[in-house]
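So this one's work.cif, mmCIF, C-alpha atoms:
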data_upload
#
loop_
_atom_site.label_atom_id
_atom_site.label_comp_id
_atom_site.auth_asym_id
_atom_site.auth_seq_id
_atom_site.Cartn_x
_atom_site.Cartn_y
_atom_site.Cartn_z
CA MET A 1 48.35 39.68 -10.21
CA LEU A 2 46.85 36.79 -12.18
CA VAL A 3 49.78 36.24 -14.54
CA ARG A 4 53.40 37.05 -13.76
CA VAL A 5 56.87 36.66 -15.22
CA SER A 6 59.27 34.37 -13.34
CA LEU A 7 62.93 34.05 -14.25
CA SER A 8 63.53 31.05 -11.95
CA SER A 9 62.92 28.49 -14.72
CA LEU A 10 65.79 30.03 -16.73
CA LYS A 11 68.13 29.32 -13.81
CA VAL A 12 67.05 25.67 -13.59
CA ALA A 13 67.22 25.06 -17.36
CA ARG A 14 70.35 23.62 -19.00
CA TRP A 15 71.71 24.90 -22.33
CA TYR A 16 71.14 21.58 -24.08
CA GLU A 17 67.44 21.72 -23.22
CA TYR A 18 67.10 24.82 -25.43
CA LEU A 19 69.04 23.01 -28.14
CA VAL A 20 66.68 19.99 -27.90
CA ARG A 21 63.65 22.26 -28.35
CA PHE A 22 65.27 24.10 -31.28
CA VAL A 23 66.14 20.82 -33.04
CA LEU A 24 62.73 19.29 -32.30
CA GLY A 25 60.92 22.44 -33.49
CA GLY A 26 62.99 22.52 -36.68
CA ALA A 27 62.54 18.79 -37.29
CA THR A 28 58.77 18.99 -36.77
CA THR A 29 58.51 21.89 -39.24
CA VAL A 30 60.56 19.95 -41.82
CA PHE A 31 58.38 16.86 -41.21
CA ALA A 32 55.12 18.85 -41.60
CA GLY A 33 56.44 20.34 -44.85
CA PHE A 34 57.53 16.92 -46.12
CA ILE A 35 54.10 15.38 -45.36
CA GLY A 36 52.44 18.30 -47.17
CA SER A 37 54.57 17.94 -50.30
CA ARG A 38 54.33 14.12 -50.31
CA PHE A 39 50.61 13.62 -49.47
CA GLY A 40 49.08 17.02 -50.30
CA PRO A 41 47.86 19.99 -48.22
CA SER A 42 44.88 18.11 -46.75
CA THR A 43 47.17 15.66 -44.92
CA GLY A 44 49.93 18.21 -44.37
CA GLY A 45 47.46 20.51 -42.60
CA LEU A 46 46.79 17.93 -39.90
CA PHE A 47 50.47 17.93 -38.96
CA LEU A 48 50.47 21.69 -38.35
CA ALA A 49 48.92 20.79 -34.98
CA LEU A 50 51.28 17.86 -34.27
CA PRO A 51 52.08 17.87 -30.54
CA ALA A 52 55.73 16.83 -31.02
CA ILE A 53 57.04 19.84 -29.10
CA PHE A 54 54.57 19.19 -26.29
CA CYS A 55 56.33 15.88 -25.51
CA ALA A 56 59.60 17.75 -25.00
CA SER A 57 58.15 20.64 -23.01
CA SER A 58 56.13 18.47 -20.59
CA THR A 59 59.19 16.26 -20.02
CA LEU A 60 61.33 19.34 -19.33
CA ILE A 61 58.79 20.75 -16.87
CA GLU A 62 58.72 17.44 -15.00
CA THR A 63 62.54 17.27 -14.99
CA HIS A 64 62.84 20.86 -13.69
CA GLU A 65 60.46 20.17 -10.79
CA ILE A 66 62.31 16.95 -9.86
CA ARG A 67 65.64 18.84 -10.03
CA ARG A 68 64.31 21.65 -7.80
CA LYS A 69 63.06 19.17 -5.19
CA ARG A 70 66.26 17.11 -5.35
CA GLU A 71 68.26 20.23 -4.45
CA ALA A 72 66.12 20.40 -1.29
CA GLU A 73 66.78 16.65 -0.80
CA LEU A 74 63.15 15.74 -1.49
CA ASP A 75 61.56 13.28 -3.91
CA GLY A 76 59.99 15.46 -6.62
CA ARG A 77 58.51 12.75 -8.88
CA LEU A 78 54.88 13.33 -7.87
CA ARG A 79 55.35 17.11 -7.96
CA GLY A 80 56.94 16.79 -11.41
CA LYS A 81 54.00 14.78 -12.74
CA LYS A 82 51.54 17.29 -11.28
CA ALA A 83 53.40 20.21 -12.89
CA ALA A 84 53.33 18.47 -16.28
CA ALA A 85 49.60 17.69 -15.83
CA LEU A 86 48.92 21.34 -15.03
CA GLU A 87 50.72 22.37 -18.20
CA SER A 88 48.58 19.86 -20.14
CA ALA A 89 45.43 21.48 -18.74
CA GLY A 90 46.67 24.86 -20.01
CA ALA A 91 47.54 23.34 -23.38
CA ALA A 92 43.97 22.00 -23.68
CA LEU A 93 42.76 25.61 -23.46
CA GLY A 94 45.50 26.68 -25.87
CA SER A 95 44.27 24.14 -28.39
CA ILE A 96 40.91 25.98 -28.50
CA GLY A 97 42.96 29.04 -29.46
CA MET A 98 44.78 26.99 -32.10
CA LEU A 99 41.41 25.98 -33.55
CA GLY A 100 40.51 29.68 -33.71
CA PHE A 101 43.84 30.37 -35.43
CA ALA A 102 43.14 27.78 -38.15
CA ILE A 103 39.57 29.00 -38.78
CA ALA A 104 40.61 32.67 -38.96
CA PHE A 105 43.59 31.90 -41.21
CA ALA A 106 41.47 29.82 -43.63
CA ALA A 107 38.86 32.59 -43.79
CA ILE A 108 41.28 35.44 -44.56
CA ILE A 109 44.33 34.04 -46.41
CA GLU A 110 42.88 34.27 -49.92
CA ARG A 111 42.15 37.99 -49.42
CA SER A 112 45.28 39.14 -47.57
CA THR A 113 48.44 37.24 -46.59
CA ALA A 114 49.67 39.68 -43.94
CA GLY A 115 46.10 40.18 -42.68
CA ALA A 116 45.64 36.41 -42.28
CA PHE A 117 48.81 35.98 -40.21
CA ILE A 118 48.08 38.99 -37.99
CA ALA A 119 44.37 38.23 -37.49
CA ALA A 120 44.91 34.48 -36.90
CA SER A 121 47.68 35.17 -34.33
CA LEU A 122 45.45 37.68 -32.52
CA VAL A 123 42.54 35.22 -32.53
CA TRP A 124 44.85 32.52 -31.06
CA LEU A 125 46.01 34.87 -28.28
CA LEU A 126 42.55 36.25 -27.44
CA VAL A 127 40.72 32.89 -27.50
CA SER A 128 43.46 31.13 -25.47
CA VAL A 129 43.67 33.85 -22.81
CA ALA A 130 39.86 34.17 -22.63
CA ALA A 131 39.46 30.38 -22.21
CA TRP A 132 42.13 30.35 -19.48
CA TYR A 133 40.51 33.32 -17.68
CA VAL A 134 37.03 31.72 -17.74
CA ARG A 135 38.46 28.47 -16.32
CA TYR A 136 40.40 30.43 -13.66
CA LYS A 137 37.25 32.33 -12.59
CA CYS A 138 35.18 29.12 -12.49
CA ARG A 139 37.76 27.45 -10.25
CA MET A 140 37.89 30.50 -7.95
CA THR A 141 34.07 30.51 -7.66
CA ARG A 142 34.09 26.80 -6.71
CA ILE A 143 36.72 27.44 -3.99
CA MET B 144 67.94 20.75 -49.59
CA THR B 145 68.10 24.53 -49.03
CA GLU B 146 64.30 24.58 -48.60
CA TYR B 147 64.47 22.01 -45.79
CA LEU B 148 67.33 23.90 -44.12
CA VAL B 149 65.29 27.12 -44.19
CA ARG B 150 62.27 25.24 -42.79
CA PHE B 151 64.45 23.77 -40.02
CA LEU B 152 65.91 27.14 -38.99
CA ILE B 153 62.60 29.04 -39.09
CA GLY B 154 60.73 26.24 -37.31
CA GLY B 155 63.43 25.91 -34.65
CA LEU B 156 63.46 29.66 -33.99
CA VAL B 157 59.66 30.10 -33.81
CA VAL B 158 59.16 27.02 -31.59
CA SER B 159 62.03 28.06 -29.27
CA ALA B 160 60.61 31.60 -28.96
CA PHE B 161 57.16 30.34 -27.91
CA ALA B 162 58.70 27.74 -25.58
CA MET B 163 60.87 30.36 -23.82
CA LEU B 164 57.86 32.63 -23.42
CA GLY B 165 56.01 29.73 -21.80
CA ASP B 166 58.98 29.11 -19.47
CA LEU B 167 58.88 32.68 -18.21
CA LEU B 168 55.17 32.85 -17.42
CA ARG B 169 53.36 31.75 -14.26
CA PRO B 170 51.02 30.15 -13.27
CA LYS B 171 51.88 26.93 -15.09
CA SER B 172 48.37 26.48 -16.44
CA PHE B 173 48.78 29.86 -18.22
CA ALA B 174 52.24 28.89 -19.49
CA GLY B 175 50.58 25.76 -20.89
CA LEU B 176 48.76 27.94 -23.41
CA PHE B 177 52.12 28.39 -25.14
CA ALA B 178 52.65 24.63 -25.34
CA ALA B 179 49.71 24.65 -27.76
CA ALA B 180 50.86 27.75 -29.66
CA PRO B 181 50.63 27.51 -33.46
CA SER B 182 54.43 27.76 -33.78
CA VAL B 183 54.88 25.00 -36.39
CA ALA B 184 51.83 26.33 -38.24
CA LEU B 185 53.24 29.88 -38.41
CA ALA B 186 56.53 28.66 -39.86
CA THR B 187 55.00 26.12 -42.27
CA LEU B 188 52.13 28.29 -43.52
CA GLY B 189 54.52 31.19 -44.16
CA ILE B 190 56.68 28.98 -46.39
CA ALA B 191 53.55 27.41 -48.00
CA VAL B 192 52.22 30.84 -49.05
CA ILE B 193 55.57 31.78 -50.65
CA GLU B 194 56.06 28.39 -52.37
CA HIS B 195 52.55 27.30 -53.36
CA GLY B 196 50.27 30.33 -52.96
CA ALA B 197 47.32 31.30 -50.78
CA GLN B 198 44.97 28.52 -51.94
CA TYR B 199 47.40 25.81 -50.84
CA ALA B 200 47.86 27.47 -47.42
CA ALA B 201 44.05 27.80 -47.08
CA ALA B 202 43.65 24.06 -47.76
CA GLU B 203 46.30 23.27 -45.13
CA SER B 204 44.69 25.52 -42.52
CA ARG B 205 41.24 23.97 -43.14
CA THR B 206 42.45 20.48 -42.13
CA MET B 207 44.54 22.03 -39.38
CA THR B 208 41.21 22.52 -37.57
CA CYS B 209 40.94 18.68 -37.31
CA GLY B 210 44.52 18.56 -36.00
CA ALA B 211 43.71 21.22 -33.38
CA ILE B 212 40.63 19.33 -32.12
CA ALA B 213 42.75 16.16 -31.96
CA LEU B 214 45.35 18.17 -30.00
CA ALA B 215 42.69 19.08 -27.41
CA ALA B 216 41.82 15.37 -27.00
CA TYR B 217 45.55 14.54 -26.83
CA VAL B 218 46.42 16.97 -24.02
CA VAL B 219 43.33 16.02 -21.97
CA LEU B 220 44.41 12.37 -22.27
CA VAL B 221 48.01 13.22 -21.26
CA CYS B 222 46.68 15.13 -18.23
CA HIS B 223 44.58 12.12 -17.12
CA LEU B 224 47.42 9.64 -17.74
CA LEU B 225 49.75 11.73 -15.57
CA MET B 226 47.25 12.09 -12.73
CA ARG B 227 45.78 8.58 -12.74
CA THR B 228 48.59 6.24 -13.82
CA ARG B 229 52.24 5.69 -12.95
CA LEU B 230 53.40 6.89 -16.38
CA ARG B 231 55.98 9.69 -16.48
CA ALA B 232 55.60 12.74 -18.74
CA LEU B 233 57.64 11.39 -21.68
CA ALA B 234 55.89 8.00 -21.72
CA ALA B 235 52.41 9.54 -21.35
CA SER B 236 52.95 12.16 -24.07
CA LEU B 237 54.46 9.62 -26.50
CA PHE B 238 51.74 7.03 -25.87
CA ALA B 239 48.99 9.62 -26.42
CA LEU B 240 50.50 10.51 -29.84
CA VAL B 241 48.78 7.37 -31.20
CA ILE B 242 45.44 8.79 -30.05
CA TRP B 243 46.26 12.15 -31.69
CA LEU B 244 46.93 10.39 -35.01
CA LEU B 245 43.71 8.34 -34.82
CA PHE B 246 41.65 11.36 -33.79
CA ALA B 247 43.13 13.69 -36.44
CA PHE B 248 42.73 11.26 -39.35
CA GLY B 249 39.31 10.11 -38.09
CA LEU B 250 38.01 13.67 -37.88
CA ARG B 251 39.35 14.51 -41.33
CA ALA B 252 37.64 11.42 -42.74
CA LEU B 253 34.38 12.53 -41.12
CA VAL B 254 34.64 16.13 -42.35
CA THR B 255 36.10 15.68 -45.85
CA GLY B 256 35.31 12.04 -46.60
CA GLU B 257 39.02 11.37 -47.30
CA ALA B 258 40.44 8.19 -45.78
#
Written form, structure tokens:
Amino acid sequence: MLVRVSLSSLKVARWYEYLVRFVLGGATTVFAGFIGSRFGPSTGGLFLALPAIFCASSTLIETHEIRRKREAELDGRLRGKKAAALESAGAALGSIGMLGFAIAFAAIIERSTAGAFIAASLVWLLVSVAAWYVRYKCRMTRI
Amino acid sequence: MTEYLVRFLIGGLVVSAFAMLGDLLRPKSFAGLFAAAPSVALATLGIAVIEHGAQYAAAESRTMTCGAIALAAYVVLVCHLLMRTRLRALAASLFALVIWLLFAFGLRALVTGEA
């Protein structure tokens, strides 16, 4: 199985980590809206791809790995950094999907609102997963 | 004030949902796809369509393409900083935000001619 669901990260996570992500997500959305209303949609649009949440998620991934290793009385700092780097590599592929989302949304929104949201979300999912799969296959071939 | 509260709640919910989905999935490189999910865009564009109409949302999504390309440069830089320097995740991701800003505004200036 290429992709699987693992519940172990939910056991390691603390309740306040979810709260941090909720607050950061809400604050980033408010900030993007504020920039849009203050400086216009051209500037506001840039901030729709602001990686503010990425800072929190990569820090949490690193912290979780360090915590896991500490429970086994090991130093998990290097492992934590590697886990965060691996997530960054995935996010690079996800950003290609985000580019697809923006292009599809811009192309459809003036014809259909619901159609634009559905099509752009599907484009994001398909492009991201396809990019990840191609990279996965390339790495397997090299090995 | 109510508008900002609605934005905060919707943004918080959408971002948390994508983040939790990313937490549950393995391998980590696949979960990383959800770290670059258009969660803020979904929440903000939805409100933009209701408040300002489709043309405004179209204008936002056009420059979002520059933001997305800058995001790709940002995460590649974070990955290299983590692997090649002593910086921890928080420091690397915060430092690289400067590059995201420069890249996003630089690209927009190239594409639209706006400074």
Rows by chain and residue number, chain B within 7 Å of chain A, shortest pair, all atoms listed in the file, as a Markdown table:
| residue | atom | partner | partner_atom | distance |
| --- | --- | --- | --- | --- |
| B:Tyr147 | CA | A:Val30 | CA | 5.9 |
| B:Arg150 | CA | A:Val30 | CA | 5.6 |
| B:Phe151 | CA | A:Gly26 | CA | 3.9 |
| B:Leu152 | CA | A:Gly26 | CA | 5.9 |
| B:Ile153 | CA | A:Gly26 | CA | 7.0 |
| B:Gly154 | CA | A:Gly26 | CA | 4.4 |
| B:Gly155 | CA | A:Gly26 | CA | 4.0 |
| B:Leu156 | CA | A:Phe22 | CA | 6.4 |
| B:Val158 | CA | A:Gly25 | CA | 5.3 |
| B:Ser159 | CA | A:Phe22 | CA | 5.5 |
| B:Asp166 | CA | A:Ser9 | CA | 6.2 |
| B:Leu167 | CA | A:Ser6 | CA | 5.2 |
| B:Leu168 | CA | A:Val5 | CA | 4.7 |
| B:Arg169 | CA | A:Arg4 | CA | 5.3 |
| B:Pro170 | CA | A:Val3 | CA | 6.3 |
| B:Lys171 | CA | A:Glu87 | CA | 5.6 |
| B:Ser172 | CA | A:Gly90 | CA | 4.3 |
| B:Phe173 | CA | A:Gly90 | CA | 5.7 |
| B:Ala174 | CA | A:Glu87 | CA | 6.8 |
| B:Gly175 | CA | A:Gly90 | CA | 4.1 |
| B:Leu176 | CA | A:Gly94 | CA | 4.3 |
| B:Phe177 | CA | A:Gly94 | CA | 6.9 |
| B:Ala178 | CA | A:Ala91 | CA | 5.6 |
| B:Ala179 | CA | A:Gly94 | CA | 5.0 |
| B:Ala180 | CA | A:Met98 | CA | 6.6 |
| B:Pro181 | CA | A:Met98 | CA | 6.0 |
| B:Val183 | CA | A:Thr29 | CA | 5.6 |
| B:Ala184 | CA | A:Leu48 | CA | 4.8 |
| B:Thr187 | CA | A:Thr29 | CA | 6.3 |
| B:Ala197 | CA | A:Glu110 | CA | 5.4 |
| B:Gln198 | CA | A:Glu110 | CA | 6.4 |
| B:Tyr199 | CA | A:Pro41 | CA | 6.4 |
| B:Ala201 | CA | A:Ala106 | CA | 4.8 |
| B:Ala202 | CA | A:Pro41 | CA | 5.9 |
| B:Glu203 | CA | A:Gly45 | CA | 3.9 |
| B:Ser204 | CA | A:Ala102 | CA | 5.2 |
| B:Arg205 | CA | A:Ala106 | CA | 5.9 |
| B:Thr206 | CA | A:Gly45 | CA | 5.0 |
| B:Met207 | CA | A:Gly45 | CA | 4.6 |
| B:Thr208 | CA | A:Leu99 | CA | 5.3 |
| B:Cys209 | CA | A:Leu46 | CA | 6.4 |
| B:Gly210 | CA | A:Leu46 | CA | 4.6 |
| B:Ala211 | CA | A:Leu99 | CA | 5.3 |
| B:Ile212 | CA | A:Leu99 | CA | 6.8 |
| B:Leu214 | CA | A:Ser95 | CA | 6.3 |
| B:Ala215 | CA | A:Ala92 | CA | 4.9 |
| B:Val218 | CA | A:Ser88 | CA | 5.3 |
| B:Val219 | CA | A:Ala92 | CA | 6.3 |
| B:Val221 | CA | A:Ser88 | CA | 6.8 |
| B:Cys222 | CA | A:Ala85 | CA | 4.6 |
| B:Leu225 | CA | A:Lys81 | CA | 5.9 |
| B:Met226 | CA | A:Ala85 | CA | 6.8 |
| B:Arg231 | CA | A:Lys81 | CA | 6.6 |
| B:Ala232 | CA | A:Thr59 | CA | 5.2 |
| B:Leu233 | CA | A:Thr59 | CA | 5.4 |
| B:Ser236 | CA | A:Cys55 | CA | 5.2 |
| B:Leu237 | CA | A:Cys55 | CA | 6.6 |
| B:Ala247 | CA | A:Leu46 | CA | 6.6 |
- Task: Measuring atom to atom with only C-alpha atoms, identify which of B:Leu245, B:Glu146, B:Arg251, B:Leu230 is nearest to Glu194 of chain B.
- Result: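 Checking each candidate against Glu194 of chain B, we get B:Glu146 as the closest.
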- Task: Give me, please, the distance in Å between atom CA of Arg14 of chain A and atom CA of Ser182 of chain B, quoted to one decimal.
- Result: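 Separation between atom CA of Arg14 of chain A and atom CA of Ser182 of chain B: 22.1 Å.
One finds atom CA of Tyr217 of chain B at 10.1 Å from atom CA of Ala235 of chain B.
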- Query: From the set B:Glu257, B:Thr228, B:Ala216, B:Val157, which residue has the shortest atom-to-atom contact distance to Leu240 of chain B, counting all atoms listed in the file?
  - Reply: B:Ala216
- Item | Which residue of B:Leu164, B:Ala252, B:Ile190, B:Ile242 approaches Val149 of chain B most closely, using only C-alpha atoms |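 Looking at the shortest contact to Val149 of chain B, the residue is B:Ile190.
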Draw an axis-aligned box over all listed atoms of segment 196-200 of chain B, pad each side with 4 Å, and write its centre and edge lengths in Å, one decimal, as JSON.
{"center_x": 47.6, "center_y": 28.6, "center_z": -50.2, "size_x": 13.3, "size_y": 13.5, "size_z": 13.5}
Since the input lacks some atoms of segment 35-57 of chain A, please model N, CA and C atoms and print them as a PDB file, in the frame of the given file.
ATOM      1  N   ILE A  35      55.413  16.055 -45.264  1.00  0.00           N
ATOM      2  CA  ILE A  35      54.100  15.380 -45.360  1.00  0.00           C
ATOM      3  C   ILE A  35      53.212  16.140 -46.351  1.00  0.00           C
ATOM      4  N   GLY A  36      53.246  17.477 -46.261  1.00  0.00           N
ATOM      5  CA  GLY A  36      52.440  18.300 -47.170  1.00  0.00           C
ATOM      6  C   GLY A  36      52.818  18.095 -48.622  1.00  0.00           C
ATOM      7  N   SER A  37      54.135  18.079 -48.904  1.00  0.00           N
ATOM      8  CA  SER A  37      54.570  17.940 -50.300  1.00  0.00           C
ATOM      9  C   SER A  37      54.397  16.504 -50.808  1.00  0.00           C
ATOM     10  N   ARG A  38      54.447  15.522 -49.905  1.00  0.00           N
ATOM     11  CA  ARG A  38      54.330  14.120 -50.310  1.00  0.00           C
ATOM     12  C   ARG A  38      52.868  13.685 -50.454  1.00  0.00           C
ATOM     13  N   PHE A  39      52.000  14.105 -49.491  1.00  0.00           N
ATOM     14  CA  PHE A  39      50.610  13.620 -49.470  1.00  0.00           C
ATOM     15  C   PHE A  39      49.576  14.710 -49.742  1.00  0.00           C
ATOM     16  N   GLY A  40      50.024  15.943 -49.988  1.00  0.00           N
ATOM     17  CA  GLY A  40      49.080  17.020 -50.300  1.00  0.00           C
ATOM     18  C   GLY A  40      48.727  17.866 -49.086  1.00  0.00           C
ATOM     19  N   PRO A  41      48.138  19.056 -49.321  1.00  0.00           N
ATOM     20  CA  PRO A  41      47.860  19.990 -48.220  1.00  0.00           C
ATOM     21  C   PRO A  41      46.827  19.492 -47.220  1.00  0.00           C
ATOM     22  N   SER A  42      45.917  18.615 -47.661  1.00  0.00           N
ATOM     23  CA  SER A  42      44.880  18.110 -46.750  1.00  0.00           C
ATOM     24  C   SER A  42      45.498  17.293 -45.618  1.00  0.00           C
ATOM     25  N   THR A  43      46.480  16.452 -45.957  1.00  0.00           N
ATOM     26  CA  THR A  43      47.170  15.660 -44.920  1.00  0.00           C
ATOM     27  C   THR A  43      48.200  16.518 -44.198  1.00  0.00           C
ATOM     28  N   GLY A  44      48.914  17.337 -44.963  1.00  0.00           N
ATOM     29  CA  GLY A  44      49.930  18.210 -44.370  1.00  0.00           C
ATOM     30  C   GLY A  44      49.351  19.120 -43.309  1.00  0.00           C
ATOM     31  N   GLY A  45      48.121  19.597 -43.542  1.00  0.00           N
ATOM     32  CA  GLY A  45      47.460  20.510 -42.600  1.00  0.00           C
ATOM     33  C   GLY A  45      47.260  19.898 -41.230  1.00  0.00           C
ATOM     34  N   LEU A  46      46.979  18.607 -41.191  1.00  0.00           N
ATOM     35  CA  LEU A  46      46.790  17.930 -39.900  1.00  0.00           C
ATOM     36  C   LEU A  46      48.038  18.071 -39.030  1.00  0.00           C
ATOM     37  N   PHE A  47      49.200  17.955 -39.697  1.00  0.00           N
ATOM     38  CA  PHE A  47      50.470  17.930 -38.960  1.00  0.00           C
ATOM     39  C   PHE A  47      50.939  19.319 -38.504  1.00  0.00           C
ATOM     40  N   LEU A  48      50.157  20.360 -38.872  1.00  0.00           N
ATOM     41  CA  LEU A  48      50.470  21.690 -38.350  1.00  0.00           C
ATOM     42  C   LEU A  48      50.117  21.776 -36.863  1.00  0.00           C
ATOM     43  N   ALA A  49      49.295  20.826 -36.406  1.00  0.00           N
ATOM     44  CA  ALA A  49      48.920  20.790 -34.980  1.00  0.00           C
ATOM     45  C   ALA A  49      49.546  19.583 -34.286  1.00  0.00           C
ATOM     46  N   LEU A  50      50.604  19.036 -34.862  1.00  0.00           N
ATOM     47  CA  LEU A  50      51.280  17.860 -34.270  1.00  0.00           C
ATOM     48  C   LEU A  50      51.900  18.239 -32.917  1.00  0.00           C
ATOM     49  N   PRO A  51      51.563  17.486 -31.858  1.00  0.00           N
ATOM     50  CA  PRO A  51      52.080  17.870 -30.540  1.00  0.00           C
ATOM     51  C   PRO A  51      53.491  17.352 -30.237  1.00  0.00           C
ATOM     52  N   ALA A  52      54.375  17.351 -31.225  1.00  0.00           N
ATOM     53  CA  ALA A  52      55.730  16.830 -31.020  1.00  0.00           C
ATOM     54  C   ALA A  52      56.495  17.649 -29.980  1.00  0.00           C
ATOM     55  N   ILE A  53      56.300  18.965 -30.022  1.00  0.00           N
ATOM     56  CA  ILE A  53      57.040  19.840 -29.100  1.00  0.00           C
ATOM     57  C   ILE A  53      56.492  19.692 -27.684  1.00  0.00           C
ATOM     58  N   PHE A  54      55.202  19.362 -27.598  1.00  0.00           N
ATOM     59  CA  PHE A  54      54.570  19.190 -26.290  1.00  0.00           C
ATOM     60  C   PHE A  54      55.265  18.080 -25.496  1.00  0.00           C
ATOM     61  N   CYS A  55      55.636  16.991 -26.188  1.00  0.00           N
ATOM     62  CA  CYS A  55      56.330  15.880 -25.510  1.00  0.00           C
ATOM     63  C   CYS A  55      57.591  16.392 -24.817  1.00  0.00           C
ATOM     64  N   ALA A  56      58.353  17.226 -25.559  1.00  0.00           N
ATOM     65  CA  ALA A  56      59.600  17.750 -25.000  1.00  0.00           C
ATOM     66  C   ALA A  56      59.333  18.713 -23.860  1.00  0.00           C
ATOM     67  N   SER A  57      58.349  19.621 -24.042  1.00  0.00           N
ATOM     68  CA  SER A  57      58.150  20.640 -23.010  1.00  0.00           C
ATOM     69  C   SER A  57      57.594  20.041 -21.733  1.00  0.00           C
TER      70      SER A  57
END
